[in-house]
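Each remark here refers to the structure printed beneath this line.
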Amino acid sequence: MMERLEYFARRLLLVIPTFIGITLVCFAITQFVPGGPVEQAILKMRGIGAGEAGQGGRASAALSPEFRKQIEAHFGFDRPFHRRYLKWLVADRIGLRMESYKFSNKTAWQLIRERFPVSLAFGIAGFLLSYLICIPLGIAKALRHGSVFDLVSSAVVFIGYSIPPVALGMLLKMLFCGTVEGLWDFFPAGGFQSEGYESLSPAGQLADRFRHMFLPVLCYVIGNFAVLTLFMKNSLLDQIGKDYVRTVLAKGGSAARAVWGHALRNSLIPIATGFGGILTVMFAGSVIIEQIFEIPGMGRLSLEAIVGRDYAVYLAILSLTSLLGLLGNILSDFCYVLIDPRITFRR
């Protein structure tokens, strides 16, 4: 018990330097690449679009050095790099308190908080459905290995997995959202909720939310469908072939007991690597899917921040996802212990 506590304590302590290393590198990149907030401000003053940021060097060349220094001081670029990073890390609370360069009078945390419920709903729905569907399907394929069911399901899984998300999203939208005349119009073409959503009854709100989420969540699930299903199948097949399963059968135990009571539990250990992802589901939005279905989620916000060179928002999202990802890895190790208490973390 003490050994495990020491292991998890070390892992928690290692989160700090790892997080600092990730954010330090990314912060340095955003500070020194061309087209940052200083260049964007100069281009905006001259009436040049953000898409012409490549002309920033030529546009800023005609400005007086004093005026450029004033702009740099406004964004904090007049300070040494280490002081800028410490201010971002401590005073700005890993950038959450920084004002967006693109959305005036809004901090990075305010923008993230607006998109948070949307991404949380899609992330949890996609995460749970992936495991609730793929794990039972993988078990069924392992128990019926080589059968017609196994072959047909494998073909369906790989066909779905081989379709690019952008193509699948556009195909579903074309077939079921009424974007093409003469085809079905079962689901809305985009958005997270309909106009007048607040005036609907609780049942109507639930139905409206379901109609908006069905196709995007389907795209989310299909993206991980094949990998997780086959991972579960191969893991269970590997455990069924182990000596301890043959020992159970040799002692008179039934095949059901050998599989469900012994092999299944051990086969879940590799699957537990993804359990830590529950901490990052609120930021698990797919940029492609959110763009296709016009979902105001975290993936779309990240894309808008990158395209608009809104490094304040981008770094805040990056820092939160990095921190939750590091903690999720520790949660995965904890899931190992819950599944099999015999697991040891000795070197």
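Following the order of the structure tokens, chains are lettered A, B, ..., residues in each are numbered from 1, and ligands are numbered from 1.
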
**Request:** Give me the residues within 8 Å of region 199-216 of chain A as a ChimeraX atom specification, counting only C-alpha atoms and dropping any in the same chain fewer than 5 places off.
**Result:** /A:122,169,172-173,187-188,190-194,289-290,293

Selection: 8 Å around region 311-324 of chain A, only C-alpha atoms, excl. self and same-chain fewer than 2 positions, as number ranges by chain:
A: 15, 19, 22-23, 26-27, 30, 36-37, 94-96, 98-101, 107-109, 111-112, 279-280, 283, 302, 305-306, 309, 326-328

Dump C-alpha atoms for the selected residues as a PDB file, in the first residue's frame?
```pdb
ATOM      1  CA  VAL A  15       3.215  16.874 -13.103  1.00  0.00           C
ATOM      2  CA  PHE A  19       3.557  21.092 -17.125  1.00  0.00           C
ATOM      3  CA  ILE A  22       5.138  21.979 -22.011  1.00  0.00           C
ATOM      4  CA  THR A  23       3.865  25.491 -21.415  1.00  0.00           C
ATOM      5  CA  CYS A  26       4.644  26.602 -26.365  1.00  0.00           C
ATOM      6  CA  PHE A  27       4.788  30.055 -24.744  1.00  0.00           C
ATOM      7  CA  THR A  30       3.962  32.092 -29.537  1.00  0.00           C
ATOM      8  CA  GLY A  36       1.807  37.976 -33.108  1.00  0.00           C
ATOM      9  CA  PRO A  37      -0.435  40.511 -31.338  1.00  0.00           C
ATOM     10  CA  ILE A  94      -1.859  30.194 -16.648  1.00  0.00           C
ATOM     11  CA  GLY A  95      -3.350  32.751 -18.988  1.00  0.00           C
ATOM     12  CA  LEU A  96      -6.947  32.420 -17.846  1.00  0.00           C
ATOM     13  CA  MET A  98      -5.517  37.434 -19.880  1.00  0.00           C
ATOM     14  CA  GLU A  99      -7.765  39.452 -22.149  1.00  0.00           C
ATOM     15  CA  SER A 100      -8.390  37.997 -25.562  1.00  0.00           C
ATOM     16  CA  TYR A 101      -6.586  39.741 -28.424  1.00  0.00           C
ATOM     17  CA  THR A 107     -10.772  37.097 -20.768  1.00  0.00           C
ATOM     18  CA  ALA A 108      -9.652  33.694 -21.954  1.00  0.00           C
ATOM     19  CA  TRP A 109     -11.534  32.017 -19.096  1.00  0.00           C
ATOM     20  CA  LEU A 111     -14.549  32.520 -23.574  1.00  0.00           C
ATOM     21  CA  ILE A 112     -13.684  28.999 -22.395  1.00  0.00           C
ATOM     22  CA  LEU A 279     -10.746  14.362 -17.448  1.00  0.00           C
ATOM     23  CA  THR A 280     -10.230  15.866 -20.890  1.00  0.00           C
ATOM     24  CA  PHE A 283     -11.890  19.774 -24.340  1.00  0.00           C
ATOM     25  CA  SER A 302      -9.062  26.680 -30.577  1.00  0.00           C
ATOM     26  CA  ALA A 305      -7.684  31.416 -31.680  1.00  0.00           C
ATOM     27  CA  ILE A 306      -4.962  29.937 -33.899  1.00  0.00           C
ATOM     28  CA  ARG A 309      -3.406  34.663 -33.666  1.00  0.00           C
ATOM     29  CA  LEU A 326      -1.217  14.714 -17.145  1.00  0.00           C
ATOM     30  CA  LEU A 327      -3.700  14.079 -14.349  1.00  0.00           C
ATOM     31  CA  GLY A 328      -5.595  11.705 -16.638  1.00  0.00           C
TER      32      GLY A 328
END
```

Wanna dump the region 76-171 of chain A-region 274-277 of chain A contacts at 12 Å for me, each residue with its shortest atom pair and the distance in Å to one decimal, counting only C-alpha atoms, ordered by chain and number, as JSON lines?
```
{"residue": "A:Gly123", "atom": "CA", "partner": "A:Gly277", "partner_atom": "CA", "distance": 9.8}
{"residue": "A:Ile124", "atom": "CA", "partner": "A:Gly277", "partner_atom": "CA", "distance": 10.0}
{"residue": "A:Gly126", "atom": "CA", "partner": "A:Gly277", "partner_atom": "CA", "distance": 11.4}
{"residue": "A:Phe127", "atom": "CA", "partner": "A:Gly277", "partner_atom": "CA", "distance": 8.3}
{"residue": "A:Leu128", "atom": "CA", "partner": "A:Phe275", "partner_atom": "CA", "distance": 10.2}
{"residue": "A:Ser130", "atom": "CA", "partner": "A:Gly274", "partner_atom": "CA", "distance": 10.8}
{"residue": "A:Tyr131", "atom": "CA", "partner": "A:Phe275", "partner_atom": "CA", "distance": 9.4}
```

Exercise for the section: For Tyr161 (chain A), work out the shell of residues within 12 Å, counting only C-alpha atoms and skipping chain neighbours fewer than 3 positions away, then give it as a PyMOL selection string. Expected result: chain A and resi 154-158+164-165+167-168+218-230

- Could you give me, as a VMD selection string, each residue of region 97-282 of chain A that DSSP assigns to strand (DSSP E or B) when run on this structure's backbone? chain A and resid 99 107 177 185

Checklist entry - Rounded to one decimal in Å, what is the spacing between CA of Phe75 (chain A) and CA of Val90 (chain A)? => result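 Between CA of Phe75 (chain A) and CA of Val90 (chain A) the gap is 16.8 Å.
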
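Counting from CA of Ile135 (chain A), the distance to CA of Met232 (chain A) is 6.0 Å.
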
CA of Ser254 (chain A) to CA of Asp150 (chain A) measures 23.2 Å

Report as a ChimeraX atom specification all protein, DNA and RNA residues lying within 10 Å of Glu304 (chain A), evaluated on only C-alpha atoms, omitting residues in the same chain fewer than 4 positions from it. /A:102,287,298-300,308-310,313-314

Restricting the output to N, CA and C atoms, write the selected residues as a compact mmCIF listing (two decimals), in the first residue's frame.
```txt
# COMPACT_ATOMS: atom_id res chain seq x y z
N LYS A 102 -8.54 39.01 -29.67
CA LYS A 102 -9.53 39.09 -30.74
C LYS A 102 -10.88 39.57 -30.23
N VAL A 287 -12.14 19.62 -34.24
CA VAL A 287 -12.24 20.86 -35.03
C VAL A 287 -13.04 20.62 -36.29
N MET A 298 -15.10 23.78 -27.90
CA MET A 298 -13.71 24.12 -27.63
C MET A 298 -12.83 23.91 -28.85
N GLY A 299 -13.12 22.91 -29.66
CA GLY A 299 -12.33 22.69 -30.86
C GLY A 299 -12.42 23.87 -31.81
N ARG A 300 -13.61 24.38 -32.00
CA ARG A 300 -13.79 25.53 -32.88
C ARG A 300 -13.15 26.78 -32.28
N GLY A 308 -6.79 33.45 -35.82
CA GLY A 308 -6.77 34.86 -35.49
C GLY A 308 -5.58 35.29 -34.67
N ARG A 309 -4.61 34.38 -34.47
CA ARG A 309 -3.41 34.66 -33.67
C ARG A 309 -3.77 35.17 -32.27
N ASP A 310 -4.85 34.63 -31.72
CA ASP A 310 -5.26 34.99 -30.36
C ASP A 310 -4.53 34.08 -29.39
N VAL A 313 -5.93 33.17 -25.71
CA VAL A 313 -6.93 32.11 -25.61
C VAL A 313 -6.32 30.75 -25.93
N TYR A 314 -5.49 30.69 -26.95
CA TYR A 314 -4.88 29.42 -27.33
C TYR A 314 -4.03 28.84 -26.21
```

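Candidate residues A:Arg79, A:Lys242, A:Arg11, A:Lys233 were compared for distance to Ala142 (chain A), and the nearest is A:Lys233, using only C-alpha atoms.
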
Next item on the list: Write out as a ChimeraX atom specification all residues of region 86-307 of chain A that DSSP puts in alpha helix (DSSP H) for this structure's backbone.
Entry: /A:86,108-143,148-162,165-176,202-240,243-250,255-256,264-271,287-292,298-307

Keeping C-alpha atoms, export the residues of the selection given above as a CSV table (one decimal), in the first residue's frame.
```csv
chain,number,residue,atom,x,y,z
A,86,LEU,CA,6.2,34.2,-14.9
A,108,ALA,CA,-9.7,33.7,-22.0
A,109,TRP,CA,-11.5,32.0,-19.1
A,110,GLN,CA,-14.8,33.8,-20.0
A,111,LEU,CA,-14.5,32.5,-23.6
A,112,ILE,CA,-13.7,29.0,-22.4
A,113,ARG,CA,-16.5,29.1,-19.9
A,114,GLU,CA,-19.0,29.9,-22.7
A,115,ARG,CA,-17.9,27.0,-24.8
A,116,PHE,CA,-17.4,24.6,-21.8
A,117,PRO,CA,-21.0,23.2,-21.5
A,118,VAL,CA,-21.2,22.4,-25.2
A,119,SER,CA,-17.9,20.5,-25.4
A,120,LEU,CA,-18.6,18.8,-22.1
A,121,ALA,CA,-21.9,17.4,-23.4
A,122,PHE,CA,-20.4,16.1,-26.6
A,123,GLY,CA,-17.3,14.9,-24.9
A,124,ILE,CA,-19.1,12.8,-22.2
A,125,ALA,CA,-21.6,11.5,-24.7
A,126,GLY,CA,-18.9,10.4,-27.2
A,127,PHE,CA,-16.7,8.9,-24.4
A,128,LEU,CA,-19.4,6.9,-22.8
A,129,LEU,CA,-20.9,5.6,-26.0
A,130,SER,CA,-17.5,4.6,-27.3
A,131,TYR,CA,-16.8,2.4,-24.3
A,132,LEU,CA,-20.4,1.2,-23.9
A,133,ILE,CA,-20.6,0.0,-27.5
A,134,CYS,CA,-17.0,-1.0,-28.3
A,135,ILE,CA,-16.2,-3.1,-25.2
A,136,PRO,CA,-19.3,-5.4,-25.5
A,137,LEU,CA,-18.8,-5.6,-29.3
A,138,GLY,CA,-15.1,-6.5,-28.8
A,139,ILE,CA,-16.0,-9.2,-26.3
A,140,ALA,CA,-18.7,-10.6,-28.6
A,141,LYS,CA,-16.1,-10.7,-31.5
A,142,ALA,CA,-13.6,-12.5,-29.3
A,143,LEU,CA,-16.0,-15.1,-28.1
A,148,VAL,CA,-19.7,-14.9,-39.7
A,149,PHE,CA,-20.6,-12.3,-37.1
A,150,ASP,CA,-16.9,-11.6,-36.5
A,151,LEU,CA,-16.2,-11.2,-40.2
A,152,VAL,CA,-19.2,-9.0,-41.0
A,153,SER,CA,-18.7,-6.8,-37.9
A,154,SER,CA,-15.0,-6.3,-38.7
A,155,ALA,CA,-15.9,-5.3,-42.3
A,156,VAL,CA,-18.5,-2.7,-41.0
A,157,VAL,CA,-16.1,-1.4,-38.4
A,158,PHE,CA,-13.2,-0.9,-40.8
A,159,ILE,CA,-15.5,0.7,-43.5
A,160,GLY,CA,-16.7,3.2,-40.9
A,161,TYR,CA,-13.1,3.8,-39.7
A,162,SER,CA,-11.7,4.3,-43.2
A,165,PRO,CA,-14.3,12.4,-40.5
A,166,VAL,CA,-14.8,15.4,-42.8
A,167,ALA,CA,-16.3,13.2,-45.5
A,168,LEU,CA,-18.5,11.3,-43.1
A,169,GLY,CA,-19.7,14.5,-41.5
A,170,MET,CA,-20.6,16.1,-44.9
A,171,LEU,CA,-22.2,12.8,-46.0
A,172,LEU,CA,-24.4,12.6,-42.9
A,173,LYS,CA,-25.3,16.3,-43.2
A,174,MET,CA,-26.2,15.9,-46.8
A,175,LEU,CA,-28.3,12.8,-46.3
A,176,PHE,CA,-30.2,13.6,-43.1
A,202,PRO,CA,-38.3,19.9,-20.5
A,203,ALA,CA,-39.2,17.0,-22.8
A,204,GLY,CA,-39.1,19.3,-25.8
A,205,GLN,CA,-35.6,20.6,-24.7
A,206,LEU,CA,-34.4,17.1,-24.4
A,207,ALA,CA,-35.7,16.1,-27.8
A,208,ASP,CA,-34.2,19.3,-29.4
A,209,ARG,CA,-30.8,18.7,-27.8
A,210,PHE,CA,-30.9,15.0,-29.0
A,211,ARG,CA,-31.6,16.0,-32.6
A,212,HIS,CA,-28.7,18.5,-32.6
A,213,MET,CA,-26.2,16.1,-30.9
A,214,PHE,CA,-27.0,12.8,-32.7
A,215,LEU,CA,-25.0,13.2,-36.0
A,216,PRO,CA,-22.0,15.0,-34.4
A,217,VAL,CA,-21.7,12.4,-31.6
A,218,LEU,CA,-22.0,9.6,-34.2
A,219,CYS,CA,-19.0,11.1,-36.0
A,220,TYR,CA,-17.1,11.3,-32.6
A,221,VAL,CA,-17.8,7.6,-31.8
A,222,ILE,CA,-16.9,6.3,-35.3
A,223,GLY,CA,-13.5,7.9,-35.0
A,224,ASN,CA,-12.5,5.6,-32.1
A,225,PHE,CA,-14.7,2.7,-33.0
A,226,ALA,CA,-12.4,0.3,-34.8
A,227,VAL,CA,-9.3,0.8,-32.6
A,228,LEU,CA,-11.2,0.3,-29.3
A,229,THR,CA,-13.2,-2.6,-30.6
A,230,LEU,CA,-10.3,-4.5,-32.0
A,231,PHE,CA,-8.1,-3.6,-29.0
A,232,MET,CA,-10.8,-5.2,-26.7
A,233,LYS,CA,-11.1,-8.3,-28.9
A,234,ASN,CA,-7.4,-8.9,-29.2
A,235,SER,CA,-6.8,-8.3,-25.5
A,236,LEU,CA,-9.5,-10.9,-24.5
A,237,LEU,CA,-8.2,-13.4,-27.0
A,238,ASP,CA,-4.7,-13.1,-25.6
A,239,GLN,CA,-6.0,-13.7,-22.1
A,240,ILE,CA,-8.1,-16.7,-23.1
A,243,ASP,CA,-2.2,-20.9,-18.8
A,244,TYR,CA,-4.4,-19.7,-15.9
A,245,VAL,CA,-7.5,-20.1,-18.1
A,246,ARG,CA,-6.6,-23.6,-19.1
A,247,THR,CA,-5.9,-24.3,-15.4
A,248,VAL,CA,-9.5,-23.2,-14.5
A,249,LEU,CA,-10.9,-25.5,-17.2
A,250,ALA,CA,-8.7,-28.4,-16.1
A,255,ALA,CA,-15.9,-21.9,-19.8
A,256,ALA,CA,-18.1,-19.1,-18.7
A,264,LEU,CA,-12.3,-10.6,-18.9
A,265,ARG,CA,-11.0,-8.7,-15.9
A,266,ASN,CA,-7.4,-9.0,-17.0
A,267,SER,CA,-8.2,-8.1,-20.6
A,268,LEU,CA,-9.6,-4.7,-19.3
A,269,ILE,CA,-6.2,-3.6,-18.1
A,270,PRO,CA,-5.0,-2.3,-21.5
A,271,ILE,CA,-8.4,-0.7,-22.1
A,287,VAL,CA,-12.2,20.9,-35.0
A,288,ILE,CA,-13.5,19.2,-38.2
A,289,ILE,CA,-16.7,18.0,-36.8
A,290,GLU,CA,-17.5,21.3,-35.0
A,291,GLN,CA,-16.8,23.2,-38.2
A,292,ILE,CA,-19.1,21.0,-40.3
A,298,MET,CA,-13.7,24.1,-27.6
A,299,GLY,CA,-12.3,22.7,-30.9
A,300,ARG,CA,-13.8,25.5,-32.9
A,301,LEU,CA,-12.6,28.1,-30.3
A,302,SER,CA,-9.1,26.7,-30.6
A,303,LEU,CA,-9.2,27.0,-34.4
A,304,GLU,CA,-10.4,30.6,-34.2
A,305,ALA,CA,-7.7,31.4,-31.7
A,306,ILE,CA,-5.0,29.9,-33.9
A,307,VAL,CA,-6.2,31.5,-37.2
```
